[in-house]
Amino acid sequence: MKKILILGGGTAGTIMSNKLRKSLSREEWKITVIDKYRTHYYQPGFLFIPFGIYSRQDVEKSKKDFFPTGVDVLFTDVQLIEAVNNRVVLNDGTYVQYDILIIATGTQTRPDQTPGLTDSLWYQKIFDFYTIEGALGLREFIKKWEGGTLLINIAEVPYKCPVAPLEFAFLADEYFTKLGIREKVTIKYVTPMSGAFTKPRATKMLSDLLFEKNIEVVPDFYLERVDNEKQCIVSYDGRELPFDLLTIVPVNMGDRVIERSNLGDDLNHVPVNKHTLQSNEFENVFVLGDASNIPTSKAGSVAHFSADILFENLMSFIENRPLNAKFDGHANCYIETGFGKGSLIDFNYETEPLPGTFPLPGIGPFGLLKNTKVNHYGKVLFRWIYWHILLKGKEMPIEPLMTMSGKITKF
């Protein structure tokens, strides 16, 4: 019997386990998933917890609920990937062999990479909203906060869900406005990028929204350290920004097992062919989701769209055919903008976000680079889609490759 091993039971690994189990003979192929955690988090929901929109129960479920029957699941840590020997070493020193390895170990926040970040103010006046602990702690803090300077800082790129800190800024504006203390809160969006986003048209739209909401953008700020005594963040060029509350996107890095196994780059992301998702070094190793170094957003939509492409290529690989399916870097992100509205961007490796309608030309119902209530409902609906359709590997009415249909290219 041949063996497929999936490292990681998050979004990407769960989708792929469902797709493969439905399509491969159980007599010929054994599929195993290894993950160190038993709880599955709907990570986009962390953003809503600080503002009381979601509770913990809304964002967490047992991972076992989403793996298909016929897939073996081991809840343990992996010490080493020995790709040259087609095996991984578990915590207890035992081995698991494979014929095909799919690395879906994701990316993790690493606050330890920034000097001073996890010192005395950590989870006191400094919080992330990329972990359940950070989101819950931040919720309790802002319940009692009476105002001051709120910094929303991105430590380094790339990071999971590039629009999330923008959404946090918009939701904070709404939250403090409704509390009646918005005039007592100064909100600054502090980023190493040259603007609010990486793509020109999206940056223009988002920058205009930030300006309307009186949120200052501080660009080109490369975080060097956090000064807990002076209660400020310090950039590499010596600039200091004081805060009363700091919400931060810490450095994101791939799993430590990638570093231990010498399979990754400086941020522990595995180099792959950006179209086929096959490892540059080992032909029977494929990488899905945030674990790879592909030059597009680290987002759930990318995991979803690229899973369809990887599935086709895995079937080709198994049958000794060329890997003809090509991923184009397709990403699709709803952006919560506050007060019951949202925006939507759709782009890939070559094409920046453009205005228009999605998914149907002229009909939508969603508007690209528009701030509408319908887009907000799309964001809200996605949580149900995630739990009931996406994770289970069911077909979605959206093509994995980006289409220009409905997009406006001439202005």
# chains A, B, ... in the order shown; residues from 1 in each chain; ligands from 1
call {"tool": "residues_around", "arguments": {"residues": "Tyr130 in chain A", "least_positions_apart": "3", "cutoff": "7 Å", "atoms": "only C-alpha atoms", "output": "MDAnalysis selection string"}}
result
chainID A and resid 46 134:135
call {"tool": "write_last_selection", "arguments": {"atoms": "C-alpha atoms", "output": "mmCIF file, in the first residue's frame"}}
result
data_model
loop_
_atom_site.group_PDB
_atom_site.id
_atom_site.type_symbol
_atom_site.label_atom_id
_atom_site.label_comp_id
_atom_site.auth_asym_id
_atom_site.auth_seq_id
_atom_site.Cartn_x
_atom_site.Cartn_y
_atom_site.Cartn_z
ATOM 1 C CA PHE A 46 -10.148 36.234 15.926
ATOM 2 C CA GLY A 134 -4.347 37.582 22.322
ATOM 3 C CA ALA A 135 -7.851 38.225 21.003
#
call {"tool": "residues_around", "arguments": {"residues": "Gly195 in chain A", "least_positions_apart": "3", "cutoff": "10 Å", "atoms": "only C-alpha atoms", "output": "PyMOL selection string"}}
result
chain A and resi 189-192+198-200+202-204+206-207+217-220
call {"tool": "closest_atom_pairs", "arguments": {"of": "range 92-162 of chain A", "to": "range 231-248 of chain A", "cutoff": "12 Å", "atoms": "only C-alpha atoms", "output": "tab-separated table"}}
result
residue	atom	partner	partner_atom	distance
A:Thr109	CA	A:Ile248	CA	10.3
A:Arg110	CA	A:Ile248	CA	11.3
A:Pro111	CA	A:Ile248	CA	9.2
A:Thr114	CA	A:Ile233	CA	10.5
A:Pro115	CA	A:Val234	CA	10.2
A:Gly116	CA	A:Ile233	CA	9.3
A:Leu117	CA	A:Ile233	CA	9.1
A:Thr118	CA	A:Ile248	CA	11.4
A:Asp119	CA	A:Gln231	CA	11.2
A:Ser120	CA	A:Gln231	CA	10.3
A:Leu121	CA	A:Gln231	CA	8.3
A:Trp122	CA	A:Leu246	CA	9.4
A:Tyr123	CA	A:Leu246	CA	9.7
A:Gln124	CA	A:Leu245	CA	8.9
A:Lys125	CA	A:Leu245	CA	5.2
A:Ile126	CA	A:Leu246	CA	4.7
A:Phe127	CA	A:Thr247	CA	5.0
A:Asp128	CA	A:Ile248	CA	5.0
A:Phe129	CA	A:Thr247	CA	7.3
A:Tyr130	CA	A:Ile248	CA	8.9
A:Thr131	CA	A:Ile248	CA	11.3
A:Gly134	CA	A:Thr247	CA	9.3
A:Ala135	CA	A:Thr247	CA	9.9
A:Gly137	CA	A:Thr247	CA	11.1
A:Leu138	CA	A:Thr247	CA	8.4
A:Arg139	CA	A:Thr247	CA	11.5
A:Phe141	CA	A:Leu245	CA	9.1
A:Ile142	CA	A:Leu245	CA	9.0
A:Trp145	CA	A:Leu245	CA	9.0
A:Glu146	CA	A:Asp244	CA	10.2
A:Gly147	CA	A:Asp244	CA	8.0
A:Gly148	CA	A:Asp244	CA	5.6
A:Thr149	CA	A:Asp244	CA	5.1
A:Leu150	CA	A:Leu245	CA	4.9
A:Leu151	CA	A:Leu246	CA	4.9
A:Ile152	CA	A:Thr247	CA	4.9
A:Asn153	CA	A:Ile248	CA	4.7
A:Ile154	CA	A:Ile248	CA	5.9
A:Ala155	CA	A:Ile248	CA	7.1
A:Glu156	CA	A:Ile248	CA	10.2
A:Tyr159	CA	A:Ile248	CA	11.4
call {"tool": "residues_around", "arguments": {"residues": "Ile345 in chain A", "least_positions_apart": "3", "cutoff": "9 Å", "atoms": "only C-alpha atoms", "output": "list in words"}}
result
Ala202, Ala331, Asn332, Cys333, Tyr334, Ile335, Glu352, Pro353, Leu354, Pro355, Gly367, Leu368, Leu369 and Lys370 of chain A
call {"tool": "write_last_selection", "arguments": {"atoms": "C-alpha atoms", "output": "mmCIF file, in the first residue's frame"}}
result
data_model
loop_
_atom_site.group_PDB
_atom_site.id
_atom_site.type_symbol
_atom_site.label_atom_id
_atom_site.label_comp_id
_atom_site.auth_asym_id
_atom_site.auth_seq_id
_atom_site.Cartn_x
_atom_site.Cartn_y
_atom_site.Cartn_z
ATOM 1 C CA ALA A 202 -6.336 48.854 -3.383
ATOM 2 C CA ALA A 331 -6.468 35.517 -3.734
ATOM 3 C CA ASN A 332 -9.904 36.779 -2.800
ATOM 4 C CA CYS A 333 -10.392 38.797 0.393
ATOM 5 C CA TYR A 334 -13.422 40.393 1.993
ATOM 6 C CA ILE A 335 -12.465 43.452 4.032
ATOM 7 C CA GLU A 352 -3.622 43.777 -8.993
ATOM 8 C CA PRO A 353 -7.082 44.251 -7.428
ATOM 9 C CA LEU A 354 -9.365 45.981 -9.938
ATOM 10 C CA PRO A 355 -12.838 47.540 -9.586
ATOM 11 C CA GLY A 367 -18.550 44.946 -5.560
ATOM 12 C CA LEU A 368 -14.792 44.938 -6.102
ATOM 13 C CA LEU A 369 -12.973 47.856 -4.461
ATOM 14 C CA LYS A 370 -16.355 49.146 -3.284
#
call {"tool": "atom_distance", "arguments": {"atom1": "CA of Asn348 in chain A", "atom2": "CA of Asp328 in chain A"}}
result
5.9 Å
call {"tool": "select_by_dssp", "arguments": {"residues": "range 325-404 of chain A", "states": "strand (DSSP E or B)", "output": "number ranges by chain"}}
result
A: 331-338, 341-347, 356-360, 364-368, 372
call {"tool": "write_last_selection", "arguments": {"atoms": "C-alpha atoms", "output": "PDB file, in the first residue's frame"}}
result
ATOM      1  CA  ALA A 331      -6.468  35.517  -3.734  1.00  0.00           C
ATOM      2  CA  ASN A 332      -9.904  36.779  -2.800  1.00  0.00           C
ATOM      3  CA  CYS A 333     -10.392  38.797   0.393  1.00  0.00           C
ATOM      4  CA  TYR A 334     -13.422  40.393   1.993  1.00  0.00           C
ATOM      5  CA  ILE A 335     -12.465  43.452   4.032  1.00  0.00           C
ATOM      6  CA  GLU A 336     -14.667  44.440   6.956  1.00  0.00           C
ATOM      7  CA  THR A 337     -14.736  48.250   6.974  1.00  0.00           C
ATOM      8  CA  GLY A 338     -17.033  48.925   9.923  1.00  0.00           C
ATOM      9  CA  LYS A 341     -20.071  47.628   5.370  1.00  0.00           C
ATOM     10  CA  GLY A 342     -17.247  45.809   3.644  1.00  0.00           C
ATOM     11  CA  SER A 343     -15.073  45.739   0.564  1.00  0.00           C
ATOM     12  CA  LEU A 344     -13.699  42.975  -1.634  1.00  0.00           C
ATOM     13  CA  ILE A 345     -10.464  42.468  -3.540  1.00  0.00           C
ATOM     14  CA  ASP A 346      -9.649  39.757  -6.095  1.00  0.00           C
ATOM     15  CA  PHE A 347      -6.169  39.406  -7.587  1.00  0.00           C
ATOM     16  CA  GLY A 356     -15.888  45.748 -10.928  1.00  0.00           C
ATOM     17  CA  THR A 357     -18.387  43.094  -9.809  1.00  0.00           C
ATOM     18  CA  PHE A 358     -17.911  39.569  -8.437  1.00  0.00           C
ATOM     19  CA  PRO A 359     -18.526  36.790  -9.256  1.00  0.00           C
ATOM     20  CA  LEU A 360     -20.934  37.695 -12.081  1.00  0.00           C
ATOM     21  CA  GLY A 364     -22.227  40.786  -8.642  1.00  0.00           C
ATOM     22  CA  PRO A 365     -23.719  40.748  -6.097  1.00  0.00           C
ATOM     23  CA  PHE A 366     -20.382  41.774  -4.586  1.00  0.00           C
ATOM     24  CA  GLY A 367     -18.550  44.946  -5.560  1.00  0.00           C
ATOM     25  CA  LEU A 368     -14.792  44.938  -6.102  1.00  0.00           C
ATOM     26  CA  THR A 372     -21.020  48.172   0.492  1.00  0.00           C
TER      27      THR A 372
END
call {"tool": "residues_around", "arguments": {"residues": "Gln97 in chain A", "least_positions_apart": "6", "cutoff": "10 Å", "atoms": "only C-alpha atoms", "output": "list of chain:residue names"}}
result
A:Lys2, A:Lys3, A:Ile4, A:Leu5, A:Glu82, A:Ala83, A:Asn85, A:Asn86, A:Arg87, A:Val88, A:Val89
call {"tool": "write_last_selection", "arguments": {"atoms": "N, CA and C atoms", "output": "short mmCIF file (atom, residue, chain, number, x, y, z; two decimals), in the first residue's frame"}}
result
data_model
loop_
_atom_site.label_atom_id
_atom_site.label_comp_id
_atom_site.auth_asym_id
_atom_site.auth_seq_id
_atom_site.Cartn_x
_atom_site.Cartn_y
_atom_site.Cartn_z
N LYS A 2 0.53 2.22 -0.85
CA LYS A 2 1.28 3.46 -0.89
C LYS A 2 0.74 4.44 0.14
N LYS A 3 1.62 5.38 0.51
CA LYS A 3 1.27 6.25 1.64
C LYS A 3 1.42 7.73 1.29
N ILE A 4 0.36 8.49 1.59
CA ILE A 4 0.40 9.94 1.51
C ILE A 4 0.39 10.48 2.94
N LEU A 5 1.33 11.35 3.24
CA LEU A 5 1.42 11.94 4.57
C LEU A 5 1.19 13.44 4.45
N GLU A 82 12.78 14.01 7.21
CA GLU A 82 13.93 13.45 6.51
C GLU A 82 13.51 13.17 5.06
N ALA A 83 13.51 14.23 4.27
CA ALA A 83 13.00 14.11 2.91
C ALA A 83 13.84 13.18 2.04
N ASN A 85 15.05 10.47 2.94
CA ASN A 85 14.68 9.10 3.31
C ASN A 85 13.18 8.85 3.24
N ASN A 86 12.43 9.84 2.76
CA ASN A 86 10.97 9.71 2.63
C ASN A 86 10.31 9.33 3.95
N ARG A 87 10.67 10.05 5.01
CA ARG A 87 10.07 9.76 6.31
C ARG A 87 10.15 10.98 7.22
N VAL A 88 9.30 10.97 8.25
CA VAL A 88 9.38 12.00 9.28
C VAL A 88 9.62 11.32 10.62
N VAL A 89 10.27 12.05 11.51
CA VAL A 89 10.59 11.54 12.84
C VAL A 89 9.65 12.21 13.84
#
call {"tool": "residues_around", "arguments": {"residues": "range 174-178 of chain A", "least_positions_apart": "4", "cutoff": "9 Å", "atoms": "only C-alpha atoms", "output": "ChimeraX atom specification"}}
result
/A:51,147,169-170,182-185,337-339
call {"tool": "closest_residue", "arguments": {"among": "A:Leu288, A:Leu20, A:Ile100, A:Ile6", "to": "Val73 in chain A", "atoms": "only C-alpha atoms"}}
result
A:Ile6
call {"tool": "closest_residue", "arguments": {"among": "A:Ile187, A:Leu210, A:Leu80, A:Ala303", "to": "Tyr386 in chain A", "atoms": "only C-alpha atoms"}}
result
A:Ala303
call {"tool": "closest_residue", "arguments": {"among": "A:Pro295, A:Pro250, A:Gly362, A:Gly13", "to": "Pro271 in chain A", "atoms": "only C-alpha atoms"}}
result
A:Pro295
call {"tool": "atom_distance", "arguments": {"atom1": "CA of Pro44 in chain A", "atom2": "CA of Thr107 in chain A"}}
result
14.3 Å
call {"tool": "select_by_dssp", "arguments": {"residues": "range 93-320 of chain A", "states": "helix (DSSP H, G or I)", "output": "PDB file with C-alpha atoms, in the first residue's frame"}}
result
ATOM      1  CA  PRO A 111       6.712  37.625  19.013  1.00  0.00           C
ATOM      2  CA  ASP A 112      10.018  36.322  20.335  1.00  0.00           C
ATOM      3  CA  GLN A 113      11.675  37.647  17.163  1.00  0.00           C
ATOM      4  CA  ILE A 132      -7.085  33.104  20.630  1.00  0.00           C
ATOM      5  CA  GLU A 133      -5.230  34.191  23.768  1.00  0.00           C
ATOM      6  CA  GLY A 134      -4.347  37.582  22.322  1.00  0.00           C
ATOM      7  CA  ALA A 135      -7.851  38.225  21.003  1.00  0.00           C
ATOM      8  CA  LEU A 136      -9.502  37.318  24.325  1.00  0.00           C
ATOM      9  CA  GLY A 137      -7.010  39.396  26.310  1.00  0.00           C
ATOM     10  CA  LEU A 138      -7.548  42.389  24.052  1.00  0.00           C
ATOM     11  CA  ARG A 139     -11.319  42.085  24.479  1.00  0.00           C
ATOM     12  CA  GLU A 140     -10.993  42.355  28.253  1.00  0.00           C
ATOM     13  CA  PHE A 141      -8.585  45.302  27.973  1.00  0.00           C
ATOM     14  CA  ILE A 142     -10.653  47.502  25.674  1.00  0.00           C
ATOM     15  CA  LYS A 143     -13.805  46.904  27.727  1.00  0.00           C
ATOM     16  CA  LYS A 144     -12.269  49.117  30.409  1.00  0.00           C
ATOM     17  CA  ALA A 164      -6.699  41.845   8.935  1.00  0.00           C
ATOM     18  CA  PRO A 165      -4.873  44.790  10.581  1.00  0.00           C
ATOM     19  CA  LEU A 166      -6.785  47.170   8.309  1.00  0.00           C
ATOM     20  CA  GLU A 167     -10.027  45.531   9.356  1.00  0.00           C
ATOM     21  CA  PHE A 168      -8.997  45.885  12.984  1.00  0.00           C
ATOM     22  CA  ALA A 169      -8.469  49.624  12.465  1.00  0.00           C
ATOM     23  CA  PHE A 170     -11.909  50.023  10.869  1.00  0.00           C
ATOM     24  CA  LEU A 171     -13.656  47.982  13.563  1.00  0.00           C
ATOM     25  CA  ALA A 172     -11.839  49.885  16.309  1.00  0.00           C
ATOM     26  CA  ASP A 173     -13.106  53.147  14.822  1.00  0.00           C
ATOM     27  CA  GLU A 174     -16.662  51.799  14.888  1.00  0.00           C
ATOM     28  CA  TYR A 175     -16.325  50.324  18.386  1.00  0.00           C
ATOM     29  CA  PHE A 176     -14.999  53.471  20.041  1.00  0.00           C
ATOM     30  CA  THR A 177     -17.470  55.641  18.123  1.00  0.00           C
ATOM     31  CA  LYS A 178     -20.372  53.608  19.456  1.00  0.00           C
ATOM     32  CA  LEU A 179     -18.910  53.780  22.966  1.00  0.00           C
ATOM     33  CA  ARG A 182     -13.783  58.064  19.643  1.00  0.00           C
ATOM     34  CA  GLU A 183     -12.571  61.645  20.142  1.00  0.00           C
ATOM     35  CA  LYS A 184     -10.436  60.357  23.012  1.00  0.00           C
ATOM     36  CA  PRO A 200      -1.740  50.638  -5.943  1.00  0.00           C
ATOM     37  CA  ARG A 201      -5.506  50.714  -6.598  1.00  0.00           C
ATOM     38  CA  ALA A 202      -6.336  48.854  -3.383  1.00  0.00           C
ATOM     39  CA  THR A 203      -3.978  51.155  -1.479  1.00  0.00           C
ATOM     40  CA  LYS A 204      -5.788  54.211  -2.864  1.00  0.00           C
ATOM     41  CA  MET A 205      -9.229  52.917  -1.877  1.00  0.00           C
ATOM     42  CA  LEU A 206      -8.117  51.798   1.582  1.00  0.00           C
ATOM     43  CA  SER A 207      -6.120  54.969   2.227  1.00  0.00           C
ATOM     44  CA  ASP A 208      -9.181  57.080   1.420  1.00  0.00           C
ATOM     45  CA  LEU A 209     -11.229  55.025   3.888  1.00  0.00           C
ATOM     46  CA  LEU A 210      -8.612  55.422   6.604  1.00  0.00           C
ATOM     47  CA  PHE A 211      -8.519  59.171   6.007  1.00  0.00           C
ATOM     48  CA  GLU A 212     -12.310  59.403   6.219  1.00  0.00           C
ATOM     49  CA  ARG A 256      10.022  25.250  13.518  1.00  0.00           C
ATOM     50  CA  VAL A 257      10.167  21.736  12.063  1.00  0.00           C
ATOM     51  CA  ILE A 258      10.927  23.324   8.673  1.00  0.00           C
ATOM     52  CA  GLU A 259      13.950  25.058  10.173  1.00  0.00           C
ATOM     53  CA  ARG A 260      15.127  21.908  11.971  1.00  0.00           C
ATOM     54  CA  GLY A 289      -1.145  27.008   2.178  1.00  0.00           C
ATOM     55  CA  ASP A 290       0.916  29.390   4.289  1.00  0.00           C
ATOM     56  CA  ALA A 291       3.868  26.986   4.600  1.00  0.00           C
ATOM     57  CA  GLY A 300      -7.467  31.030   3.500  1.00  0.00           C
ATOM     58  CA  SER A 301      -8.660  31.811  -0.026  1.00  0.00           C
ATOM     59  CA  VAL A 302      -5.195  31.009  -1.378  1.00  0.00           C
ATOM     60  CA  ALA A 303      -5.194  27.681   0.470  1.00  0.00           C
ATOM     61  CA  HIS A 304      -8.611  26.925  -1.009  1.00  0.00           C
ATOM     62  CA  PHE A 305      -7.831  27.897  -4.607  1.00  0.00           C
ATOM     63  CA  SER A 306      -4.374  26.328  -4.644  1.00  0.00           C
ATOM     64  CA  ALA A 307      -5.755  23.087  -3.145  1.00  0.00           C
ATOM     65  CA  ASP A 308      -7.749  22.560  -6.327  1.00  0.00           C
ATOM     66  CA  ILE A 309      -4.612  22.986  -8.419  1.00  0.00           C
ATOM     67  CA  LEU A 310      -2.489  20.803  -6.159  1.00  0.00           C
ATOM     68  CA  PHE A 311      -5.119  18.064  -6.257  1.00  0.00           C
ATOM     69  CA  GLU A 312      -4.895  17.971 -10.060  1.00  0.00           C
ATOM     70  CA  ASN A 313      -1.106  17.854  -9.924  1.00  0.00           C
ATOM     71  CA  LEU A 314      -1.093  15.101  -7.313  1.00  0.00           C
ATOM     72  CA  MET A 315      -3.321  12.982  -9.535  1.00  0.00           C
ATOM     73  CA  SER A 316      -0.898  13.625 -12.406  1.00  0.00           C
ATOM     74  CA  PHE A 317       2.101  12.798 -10.228  1.00  0.00           C
ATOM     75  CA  ILE A 318       0.539   9.527  -9.086  1.00  0.00           C
TER      76      ILE A 318
END
call {"tool": "residues_around", "arguments": {"residues": "His275 in chain A", "least_positions_apart": "5", "cutoff": "8 Å", "atoms": "only C-alpha atoms", "output": "count of residues only"}}
result
5
call {"tool": "closest_residue", "arguments": {"among": "A:Asn252, A:Glu229, A:Lys379, A:Asp72", "to": "Gly45 in chain A", "atoms": "only C-alpha atoms"}}
result
A:Lys379
call {"tool": "residues_around", "arguments": {"residues": "Glu60 in chain A", "least_positions_apart": "2", "cutoff": "8 Å", "atoms": "only C-alpha atoms", "output": "list in words"}}
result
Thr39, His40, Tyr41, Tyr42, Arg56, Gln57, Asp58 and Ser62 of chain A
call {"tool": "atom_distance", "arguments": {"atom1": "CA of Gln108 in chain A", "atom2": "CA of Lys30 in chain A"}}
result
28.6 Å
call {"tool": "closest_residue", "arguments": {"among": "A:Thr296, A:Thr69, A:Asn18, A:Thr76", "to": "Arg38 in chain A", "atoms": "only C-alpha atoms"}}
result
A:Thr76
call {"tool": "decode", "arguments": {"residues": "range 314-339 of chain A", "atoms": "N, CA and C atoms", "output": "compact mmCIF listing (two decimals), in the first residue's frame"}}
result
# COMPACT_ATOMS: atom_id res chain seq x y z
N LEU A 314 -1.35 16.35 -8.03
CA LEU A 314 -1.09 15.10 -7.31
C LEU A 314 -1.62 13.90 -8.11
N MET A 315 -2.79 14.07 -8.71
CA MET A 315 -3.32 12.98 -9.53
C MET A 315 -2.39 12.72 -10.72
N SER A 316 -1.85 13.78 -11.29
CA SER A 316 -0.90 13.62 -12.41
C SER A 316 0.39 12.96 -11.93
N PHE A 317 0.87 13.37 -10.77
CA PHE A 317 2.10 12.80 -10.23
C PHE A 317 1.94 11.30 -9.96
N ILE A 318 0.81 10.93 -9.39
CA ILE A 318 0.54 9.53 -9.09
C ILE A 318 0.51 8.69 -10.36
N GLU A 319 0.00 9.29 -11.44
CA GLU A 319 -0.13 8.57 -12.71
C GLU A 319 1.04 8.81 -13.65
N ASN A 320 2.12 9.40 -13.11
CA ASN A 320 3.34 9.67 -13.90
C ASN A 320 3.08 10.53 -15.13
N ARG A 321 2.19 11.50 -14.97
CA ARG A 321 1.92 12.45 -16.04
C ARG A 321 2.53 13.81 -15.69
N PRO A 322 2.76 14.69 -16.68
CA PRO A 322 3.29 16.02 -16.38
C PRO A 322 2.35 16.81 -15.48
N LEU A 323 2.92 17.69 -14.68
CA LEU A 323 2.12 18.53 -13.79
C LEU A 323 1.65 19.75 -14.57
N ASN A 324 0.52 19.61 -15.22
CA ASN A 324 0.05 20.65 -16.13
C ASN A 324 -0.82 21.72 -15.46
N ALA A 325 -1.36 21.44 -14.30
CA ALA A 325 -2.19 22.43 -13.61
C ALA A 325 -1.28 23.53 -13.05
N LYS A 326 -1.63 24.77 -13.29
CA LYS A 326 -0.79 25.90 -12.89
C LYS A 326 -1.56 26.88 -12.02
N PHE A 327 -1.11 27.06 -10.79
CA PHE A 327 -1.73 28.03 -9.90
C PHE A 327 -1.27 29.43 -10.28
N ASP A 328 -2.21 30.39 -10.27
CA ASP A 328 -1.89 31.75 -10.71
C ASP A 328 -1.77 32.74 -9.56
N GLY A 329 -1.78 32.22 -8.31
CA GLY A 329 -1.67 33.11 -7.16
C GLY A 329 -2.98 33.75 -6.76
N HIS A 330 -4.09 33.19 -7.20
CA HIS A 330 -5.41 33.78 -6.96
C HIS A 330 -5.70 33.96 -5.47
N ALA A 331 -6.06 35.18 -5.10
CA ALA A 331 -6.47 35.52 -3.73
C ALA A 331 -7.74 36.34 -3.80
N ASN A 332 -8.60 36.11 -2.84
CA ASN A 332 -9.90 36.78 -2.80
C ASN A 332 -10.20 37.12 -1.34
N CYS A 333 -10.29 38.40 -1.01
CA CYS A 333 -10.39 38.80 0.39
C CYS A 333 -11.52 39.80 0.62
N TYR A 334 -12.44 39.43 1.51
CA TYR A 334 -13.42 40.39 1.99
C TYR A 334 -12.76 41.24 3.08
N ILE A 335 -13.06 42.53 3.07
CA ILE A 335 -12.47 43.45 4.03
C ILE A 335 -13.59 44.11 4.82
N GLU A 336 -13.67 43.81 6.10
CA GLU A 336 -14.67 44.44 6.96
C GLU A 336 -14.24 45.89 7.20
N THR A 337 -15.12 46.84 6.86
CA THR A 337 -14.74 48.25 6.97
C THR A 337 -15.51 49.01 8.06
N GLY A 338 -16.33 48.30 8.81
CA GLY A 338 -17.03 48.93 9.92
C GLY A 338 -18.41 49.45 9.56
N PHE A 339 -19.25 49.59 10.58
CA PHE A 339 -20.61 50.12 10.43
C PHE A 339 -21.42 49.34 9.40
